[in-house]
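S.K.: Pasting a structure here, questions to come.
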Amino acid sequence: MVLKKNIKLLVFIAIICSFQPLIAQSSIVIKYNTSNSKIPSNVIKTILLDKKGKVWLGSRDAGLILFENNSFSVFDTNNSSIPNNNVYTLAKDSINNLWIGTFGGGVAKFSKKKESWTIYNSFNSSLKYNWIYSIAIDEQNNKWIGTGGSGLFKYNDTIWVNFNELNSKIPTYKVPTVFIDKKNTKWIGTLRGLLNYDDKEWKWFNNDTNVLEVSIYSILVQQSTIWIGFKKRGLGKLEKKKYSYYSVENSDLPSNSVYSLTEDNIGNVWIGTFGKGIVKVKGDEFIIYNKSNSEITDDFIFDIKIDSNNNKYLGTYQSGLIVFNESGIVE
(Lines give C-alpha, C1' and ligand atoms only; values in the text may rest on other atoms or scores of the structure.)
Protein backbone atom coordinates (compact mmCIF):
# COMPACT_ATOMS: atom_id res chain seq x y z
CA MET A 1 0.00 0.00 0.00
CA VAL A 2 2.79 2.40 0.88
CA LEU A 3 4.57 1.59 -2.38
CA LYS A 4 1.40 2.25 -4.43
CA LYS A 5 0.82 5.53 -2.62
CA ASN A 6 4.40 6.60 -3.31
CA ILE A 7 4.08 5.68 -6.98
CA LYS A 8 0.84 7.68 -7.26
CA LEU A 9 2.50 10.63 -5.54
CA LEU A 10 5.48 10.53 -7.90
CA VAL A 11 3.19 10.31 -10.93
CA PHE A 12 1.17 13.30 -9.64
CA ILE A 13 4.35 15.33 -9.08
CA ALA A 14 5.61 14.42 -12.56
CA ILE A 15 2.34 15.57 -14.12
CA ILE A 16 2.43 18.88 -12.21
CA CYS A 17 6.06 19.46 -13.20
CA SER A 18 5.26 18.73 -16.84
CA PHE A 19 2.61 21.46 -16.80
CA GLN A 20 4.73 24.08 -15.05
CA PRO A 21 6.59 25.30 -18.17
CA LEU A 22 3.27 25.65 -19.99
CA ILE A 23 1.84 27.72 -17.15
CA ALA A 24 4.97 29.86 -16.82
CA GLN A 25 5.41 30.52 -20.52
CA SER A 26 3.70 33.46 -22.19
CA SER A 27 3.89 34.59 -25.79
CA ILE A 28 5.87 37.77 -26.34
CA VAL A 29 4.32 38.53 -29.76
CA ILE A 30 0.80 38.30 -31.14
CA LYS A 31 0.25 39.23 -34.79
CA TYR A 32 -2.94 40.37 -36.48
CA ASN A 33 -2.84 40.61 -40.26
CA THR A 34 -5.18 39.97 -43.18
CA SER A 35 -4.01 36.35 -43.44
CA ASN A 36 -4.66 35.25 -39.86
CA SER A 37 -7.41 37.59 -38.63
CA LYS A 38 -10.28 39.81 -39.72
CA ILE A 39 -8.24 43.01 -39.60
CA PRO A 40 -9.00 44.67 -42.97
CA SER A 41 -5.57 46.17 -43.67
CA ASN A 42 -1.89 45.34 -43.20
CA VAL A 43 -0.92 49.02 -43.13
CA ILE A 44 -1.63 50.57 -39.73
CA LYS A 45 -0.65 54.23 -39.61
CA THR A 46 -1.76 55.25 -36.11
CA ILE A 47 -2.95 53.72 -32.83
CA LEU A 48 -5.02 55.07 -29.94
CA LEU A 49 -5.49 53.20 -26.66
CA ASP A 50 -8.42 54.73 -24.81
CA LYS A 51 -9.20 54.70 -21.10
CA LYS A 52 -11.81 51.98 -21.53
CA GLY A 53 -9.29 49.53 -22.95
CA LYS A 54 -10.37 49.88 -26.55
CA VAL A 55 -7.75 49.87 -29.29
CA TRP A 56 -8.44 52.22 -32.19
CA LEU A 57 -6.44 51.83 -35.38
CA GLY A 58 -6.07 54.13 -38.35
CA SER A 59 -5.28 52.30 -41.58
CA ARG A 60 -3.96 53.55 -44.88
CA ASP A 61 -6.65 51.96 -47.03
CA ALA A 62 -9.44 50.53 -44.86
CA GLY A 63 -10.56 53.44 -42.71
CA LEU A 64 -10.98 53.34 -38.93
CA ILE A 65 -10.71 50.03 -37.08
CA LEU A 66 -11.85 49.21 -33.54
CA PHE A 67 -10.11 46.25 -31.89
CA GLU A 68 -12.07 45.09 -28.87
CA ASN A 69 -12.61 41.70 -27.21
CA ASN A 70 -10.35 40.13 -29.80
CA SER A 71 -12.58 41.23 -32.70
CA PHE A 72 -12.37 43.97 -35.31
CA SER A 73 -15.05 46.51 -36.27
CA VAL A 74 -14.49 48.58 -39.39
CA PHE A 75 -15.71 52.09 -40.22
CA ASP A 76 -14.97 52.94 -43.83
CA THR A 77 -16.43 55.04 -46.64
CA ASN A 78 -18.79 52.19 -47.58
CA ASN A 79 -20.48 51.70 -44.20
CA SER A 80 -20.02 55.02 -42.38
CA SER A 81 -19.63 58.77 -42.85
CA ILE A 82 -15.86 58.77 -42.47
CA PRO A 83 -14.67 61.02 -45.31
CA ASN A 84 -11.55 59.08 -46.33
CA ASN A 85 -10.12 55.61 -45.73
CA ASN A 86 -6.58 56.89 -45.18
CA VAL A 87 -6.42 57.67 -41.45
CA TYR A 88 -3.23 59.39 -40.27
CA THR A 89 -3.92 60.40 -36.67
CA LEU A 90 -6.37 59.79 -33.79
CA ALA A 91 -7.19 61.59 -30.53
CA LYS A 92 -9.94 61.50 -27.90
CA ASP A 93 -11.43 64.53 -26.19
CA SER A 94 -12.67 64.90 -22.60
CA ILE A 95 -16.19 63.72 -23.44
CA ASN A 96 -15.00 60.62 -25.27
CA ASN A 97 -15.42 61.84 -28.85
CA LEU A 98 -12.89 60.38 -31.25
CA TRP A 99 -11.13 62.86 -33.54
CA ILE A 100 -9.87 61.40 -36.77
CA GLY A 101 -7.38 63.06 -39.07
CA THR A 102 -7.56 61.73 -42.61
CA PHE A 103 -5.22 62.18 -45.51
CA GLY A 104 -7.48 63.83 -48.05
CA GLY A 105 -10.83 64.06 -46.27
CA GLY A 106 -10.15 66.53 -43.49
CA VAL A 107 -11.14 65.86 -39.86
CA ALA A 108 -13.95 63.66 -38.58
CA LYS A 109 -15.46 63.70 -35.08
CA PHE A 110 -17.01 60.37 -34.15
CA SER A 111 -19.19 59.48 -31.17
CA LYS A 112 -19.28 55.70 -30.79
CA LYS A 113 -22.06 55.95 -28.19
CA LYS A 114 -24.33 57.97 -30.47
CA GLU A 115 -22.96 56.52 -33.72
CA SER A 116 -22.76 60.08 -35.03
CA TRP A 117 -20.25 61.75 -37.32
CA THR A 118 -19.30 65.41 -37.87
CA ILE A 119 -16.98 66.26 -40.73
CA TYR A 120 -14.72 69.32 -40.97
CA ASN A 121 -13.00 70.03 -44.26
CA SER A 122 -11.98 72.81 -46.62
CA PHE A 123 -15.56 73.13 -47.89
CA ASN A 124 -17.46 73.56 -44.61
CA SER A 125 -14.90 74.91 -42.12
CA SER A 126 -11.84 77.15 -41.85
CA LEU A 127 -9.54 74.26 -42.71
CA LYS A 128 -7.74 75.16 -45.91
CA TYR A 129 -6.36 71.71 -46.67
CA ASN A 130 -7.82 68.26 -46.13
CA TRP A 131 -4.50 66.51 -45.45
CA ILE A 132 -4.23 66.09 -41.67
CA TYR A 133 -1.02 64.84 -40.08
CA SER A 134 -1.58 65.30 -36.35
CA ILE A 135 -4.25 66.05 -33.75
CA ALA A 136 -3.62 66.75 -30.06
CA ILE A 137 -6.18 67.89 -27.46
CA ASP A 138 -5.26 70.14 -24.54
CA GLU A 139 -6.71 70.37 -21.02
CA GLN A 140 -9.27 72.98 -22.14
CA ASN A 141 -10.47 70.56 -24.82
CA ASN A 142 -9.00 72.64 -27.64
CA LYS A 143 -8.04 70.63 -30.69
CA TRP A 144 -4.60 71.35 -32.17
CA ILE A 145 -4.51 70.15 -35.74
CA GLY A 146 -1.34 69.87 -37.80
CA THR A 147 -2.02 70.03 -41.52
CA GLY A 148 -0.14 69.22 -44.68
CA GLY A 149 -0.84 72.53 -46.36
CA SER A 150 -1.64 75.40 -44.00
CA GLY A 151 0.29 75.06 -40.75
CA LEU A 152 -1.41 74.54 -37.39
CA PHE A 153 -5.06 75.04 -36.41
CA LYS A 154 -6.65 75.49 -32.99
CA TYR A 155 -10.33 74.61 -32.75
CA ASN A 156 -12.43 75.06 -29.59
CA ASP A 157 -15.62 73.56 -31.07
CA THR A 158 -16.70 77.02 -32.19
CA ILE A 159 -13.80 79.11 -33.45
CA TRP A 160 -10.95 78.15 -35.75
CA VAL A 161 -7.56 79.88 -35.40
CA ASN A 162 -4.86 79.28 -37.98
CA PHE A 163 -1.16 79.61 -37.05
CA ASN A 164 1.15 79.81 -40.02
CA GLU A 165 4.22 81.60 -41.36
CA LEU A 166 2.40 84.94 -41.36
CA ASN A 167 1.29 85.15 -37.72
CA SER A 168 3.58 82.80 -35.79
CA LYS A 169 7.06 81.29 -35.79
CA ILE A 170 5.87 78.18 -37.62
CA PRO A 171 8.30 78.11 -40.56
CA THR A 172 6.53 75.82 -43.04
CA TYR A 173 3.12 74.77 -44.25
CA LYS A 174 3.43 71.17 -42.95
CA VAL A 175 3.12 70.20 -39.26
CA PRO A 176 3.74 66.43 -38.88
CA THR A 177 3.40 66.23 -35.09
CA VAL A 178 1.99 68.06 -32.06
CA PHE A 179 2.58 67.00 -28.44
CA ILE A 180 0.95 68.62 -25.40
CA ASP A 181 2.80 68.22 -22.10
CA LYS A 182 1.50 68.18 -18.51
CA LYS A 183 1.93 71.95 -18.27
CA ASN A 184 -0.36 72.34 -21.31
CA THR A 185 2.52 73.59 -23.47
CA LYS A 186 2.21 72.70 -27.13
CA TRP A 187 5.31 71.21 -28.77
CA ILE A 188 5.21 71.49 -32.53
CA GLY A 189 7.34 69.51 -34.94
CA THR A 190 7.69 71.00 -38.42
CA LEU A 191 9.68 70.31 -41.57
CA ARG A 192 12.26 72.83 -40.41
CA GLY A 193 12.51 72.25 -36.69
CA LEU A 194 11.00 72.40 -33.22
CA LEU A 195 9.06 75.10 -31.44
CA ASN A 196 6.65 75.37 -28.53
CA TYR A 197 3.74 77.58 -27.60
CA ASP A 198 2.36 78.26 -24.10
CA ASP A 199 -0.71 80.16 -25.37
CA LYS A 200 1.20 83.43 -25.00
CA GLU A 201 4.60 83.12 -26.57
CA TRP A 202 6.29 81.10 -29.30
CA LYS A 203 9.74 79.67 -28.64
CA TRP A 204 12.02 78.41 -31.37
CA PHE A 205 14.72 75.79 -30.70
CA ASN A 206 17.98 75.61 -32.58
CA ASN A 207 21.58 74.65 -31.96
CA ASP A 208 25.02 75.22 -33.43
CA THR A 209 24.95 72.15 -35.69
CA ASN A 210 21.49 72.96 -37.14
CA VAL A 211 20.39 69.38 -36.41
CA LEU A 212 17.25 70.70 -34.70
CA GLU A 213 16.25 72.60 -37.80
CA VAL A 214 15.16 69.63 -39.91
CA SER A 215 12.00 67.55 -40.34
CA ILE A 216 10.52 66.32 -37.03
CA TYR A 217 8.06 63.41 -37.03
CA SER A 218 7.64 62.62 -33.32
CA ILE A 219 7.95 64.30 -29.90
CA LEU A 220 7.84 63.03 -26.31
CA VAL A 221 8.11 65.24 -23.21
CA GLN A 222 9.11 63.67 -19.89
CA GLN A 223 9.16 66.32 -17.15
CA SER A 224 12.18 68.46 -18.15
CA THR A 225 13.37 66.15 -20.94
CA ILE A 226 12.22 66.55 -24.54
CA TRP A 227 12.80 63.71 -26.98
CA ILE A 228 12.71 64.55 -30.68
CA GLY A 229 12.33 62.02 -33.46
CA PHE A 230 13.60 63.17 -36.84
CA LYS A 231 12.33 61.81 -40.13
CA LYS A 232 15.85 61.06 -41.40
CA ARG A 233 18.29 62.45 -38.84
CA GLY A 234 17.93 60.19 -35.79
CA LEU A 235 17.03 61.18 -32.25
CA GLY A 236 17.45 64.36 -30.25
CA LYS A 237 17.30 64.89 -26.49
CA LEU A 238 16.88 68.26 -24.80
CA GLU A 239 17.52 68.49 -21.05
CA LYS A 240 17.34 72.06 -19.81
CA LYS A 241 20.12 73.74 -21.82
CA LYS A 242 21.92 70.52 -22.77
CA TYR A 243 21.33 68.98 -26.18
CA SER A 244 22.29 65.40 -27.06
CA TYR A 245 22.06 63.89 -30.52
CA TYR A 246 21.97 60.19 -31.44
CA SER A 247 22.23 58.70 -34.90
CA VAL A 248 23.37 55.54 -36.66
CA GLU A 249 26.71 57.23 -37.17
CA ASN A 250 27.48 58.14 -33.53
CA SER A 251 25.53 55.63 -31.40
CA ASP A 252 23.82 52.22 -31.30
CA LEU A 253 20.57 53.71 -32.58
CA PRO A 254 19.74 51.32 -35.47
CA SER A 255 17.88 53.77 -37.72
CA ASN A 256 17.81 57.50 -38.36
CA SER A 257 14.07 57.41 -39.16
CA VAL A 258 12.28 57.86 -35.83
CA TYR A 259 8.56 57.89 -36.58
CA SER A 260 7.14 57.33 -33.09
CA LEU A 261 8.06 57.99 -29.45
CA THR A 262 6.32 56.91 -26.26
CA GLU A 263 7.11 55.79 -22.71
CA ASP A 264 6.27 52.72 -20.65
CA ASN A 265 4.96 52.47 -17.09
CA ILE A 266 8.38 52.93 -15.49
CA GLY A 267 9.56 55.78 -17.70
CA ASN A 268 11.60 53.95 -20.32
CA VAL A 269 11.40 55.59 -23.74
CA TRP A 270 10.36 53.41 -26.68
CA ILE A 271 11.11 54.29 -30.28
CA GLY A 272 9.35 53.12 -33.40
CA THR A 273 11.78 53.30 -36.32
CA PHE A 274 10.91 53.10 -39.97
CA GLY A 275 13.28 50.36 -41.06
CA LYS A 276 14.87 48.78 -37.99
CA GLY A 277 12.04 47.78 -35.64
CA ILE A 278 11.56 49.17 -32.15
CA VAL A 279 14.07 50.39 -29.59
CA LYS A 280 13.93 50.61 -25.80
CA VAL A 281 16.01 53.42 -24.33
CA LYS A 282 17.21 52.35 -20.89
CA GLY A 283 19.60 54.92 -19.48
CA ASP A 284 22.31 55.26 -22.13
CA GLU A 285 21.55 51.86 -23.66
CA PHE A 286 19.58 51.17 -26.85
CA ILE A 287 17.89 47.75 -26.71
CA ILE A 288 16.70 46.71 -30.17
CA TYR A 289 13.85 44.37 -31.08
CA ASN A 290 13.34 43.61 -34.77
CA LYS A 291 13.10 40.85 -37.36
CA SER A 292 16.69 39.76 -36.85
CA ASN A 293 16.47 39.05 -33.11
CA SER A 294 12.79 38.64 -32.20
CA GLU A 295 9.40 37.44 -33.43
CA ILE A 296 8.51 40.92 -34.67
CA THR A 297 7.85 40.44 -38.39
CA ASP A 298 8.04 44.02 -39.64
CA ASP A 299 10.87 46.52 -39.12
CA PHE A 300 8.89 49.43 -40.53
CA ILE A 301 6.92 50.89 -37.61
CA PHE A 302 4.54 53.80 -38.08
CA ASP A 303 3.34 53.98 -34.48
CA ILE A 304 3.93 52.44 -31.06
CA LYS A 305 1.60 52.71 -28.07
CA ILE A 306 1.85 51.01 -24.64
CA ASP A 307 -1.01 49.89 -22.40
CA SER A 308 -1.19 49.65 -18.59
CA ASN A 309 0.28 46.13 -18.71
CA ASN A 310 3.31 47.34 -20.70
CA ASN A 311 2.10 45.56 -23.84
CA LYS A 312 3.38 47.39 -26.91
CA TYR A 313 1.02 47.86 -29.85
CA LEU A 314 2.87 48.33 -33.12
CA GLY A 315 1.33 49.80 -36.25
CA THR A 316 3.33 48.44 -39.16
CA TYR A 317 3.89 49.13 -42.83
CA GLN A 318 3.03 45.67 -44.14
CA SER A 319 2.28 43.30 -41.24
CA GLY A 320 -0.85 44.80 -39.70
CA LEU A 321 -1.00 45.09 -35.91
CA ILE A 322 1.68 43.48 -33.74
CA VAL A 323 1.36 43.24 -29.96
CA PHE A 324 4.70 42.80 -28.19
CA ASN A 325 5.88 42.46 -24.62
CA GLU A 326 9.45 41.41 -23.96
CA SER A 327 8.35 39.98 -20.59
CA GLY A 328 5.35 38.12 -22.01
CA ILE A 329 2.05 39.58 -23.15
CA VAL A 330 -0.43 40.27 -20.35
CA GLU A 331 -4.03 39.76 -21.49
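Within each chain, counting starts at residue 1; across the C-alpha coordinates, chains are named A, B, ... in the order shown, with ligands numbered 1 upward in that order.
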Compile the contact shell of Tyr313 of chain A as a count of residues only: residues with an atom at most 12 Å away, counting only C-alpha atoms, same-chain residues fewer than 4 positions apart removed.

M.R.: 39

S.K.: Please measure the separation of atom CA of Gly104 of chain A and atom CA of Asn85 of chain A, giving the value in Å to one decimal.

M.R.: 8.9 Å

S.K.: For a quick check of understanding, using only C-alpha atoms, which of A:Phe72, A:Asp50, A:Lys200, A:Leu66 has the smallest distance to Ile95 of chain A?

M.R.: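 The closest residue to Ile95 of chain A is A:Asp50.
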
S.K.: Quick one: pick out all strand (DSSP E) residues within segment 102-232 of chain A from a backbone DSSP run and write them as a ChimeraX atom specification.

M.R.: /A:102,107-111,116-120,132-137,143-147,152-155,160-163,177-180,186-190,193-197,202-205,216-222,225-230

S.K.: Identify which of the residues A:Leu194, A:Val248, A:Leu253, A:Ile39 lies closest to Ile228 of chain A, counting only C-alpha atoms when measuring atom-to-atom distances.

M.R.: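 Closest to Ile228 of chain A of all the choices is A:Leu194.
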
S.K.: Please indicate the distance in Å from atom CA of Asn96 of chain A to atom CA of Asn141 of chain A, rounded to one decimal place.

M.R.: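 Taking atom CA of Asn96 of chain A as the start and atom CA of Asn141 of chain A as the end point, the length is 10.9 Å.
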
S.K.: Near segment 166-171 of chain A, within 9 Å and counting only C-alpha atoms, which residues show up once chain neighbours fewer than 2 positions away are dropped, as a list in words?

M.R.: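 The residues that qualify are Gly151, Leu152, Asn162, Phe163, Asn164, Tyr173, Lys174, Val175, Ile188, Thr190, Leu191, Arg192, Gly193, Leu194, Leu195, Trp202, Lys203 and Trp204 of chain A.
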
S.K.: Just the number, please: distance in Å from atom CA of Glu239 of chain A to atom CA of Leu90 of chain A, one decimal.

M.R.: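 Atom CA of Glu239 of chain A sits 28.4 Å away from atom CA of Leu90 of chain A.
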
S.K.: Near Ser35 of chain A, counting only C-alpha atoms, which residues have an atom at most 10 Å away, once you skip same-chain residues fewer than 6 positions from it, shown as a list in words?

M.R.: Ser41, Asn42, Ser319 and Gly320 of chain A
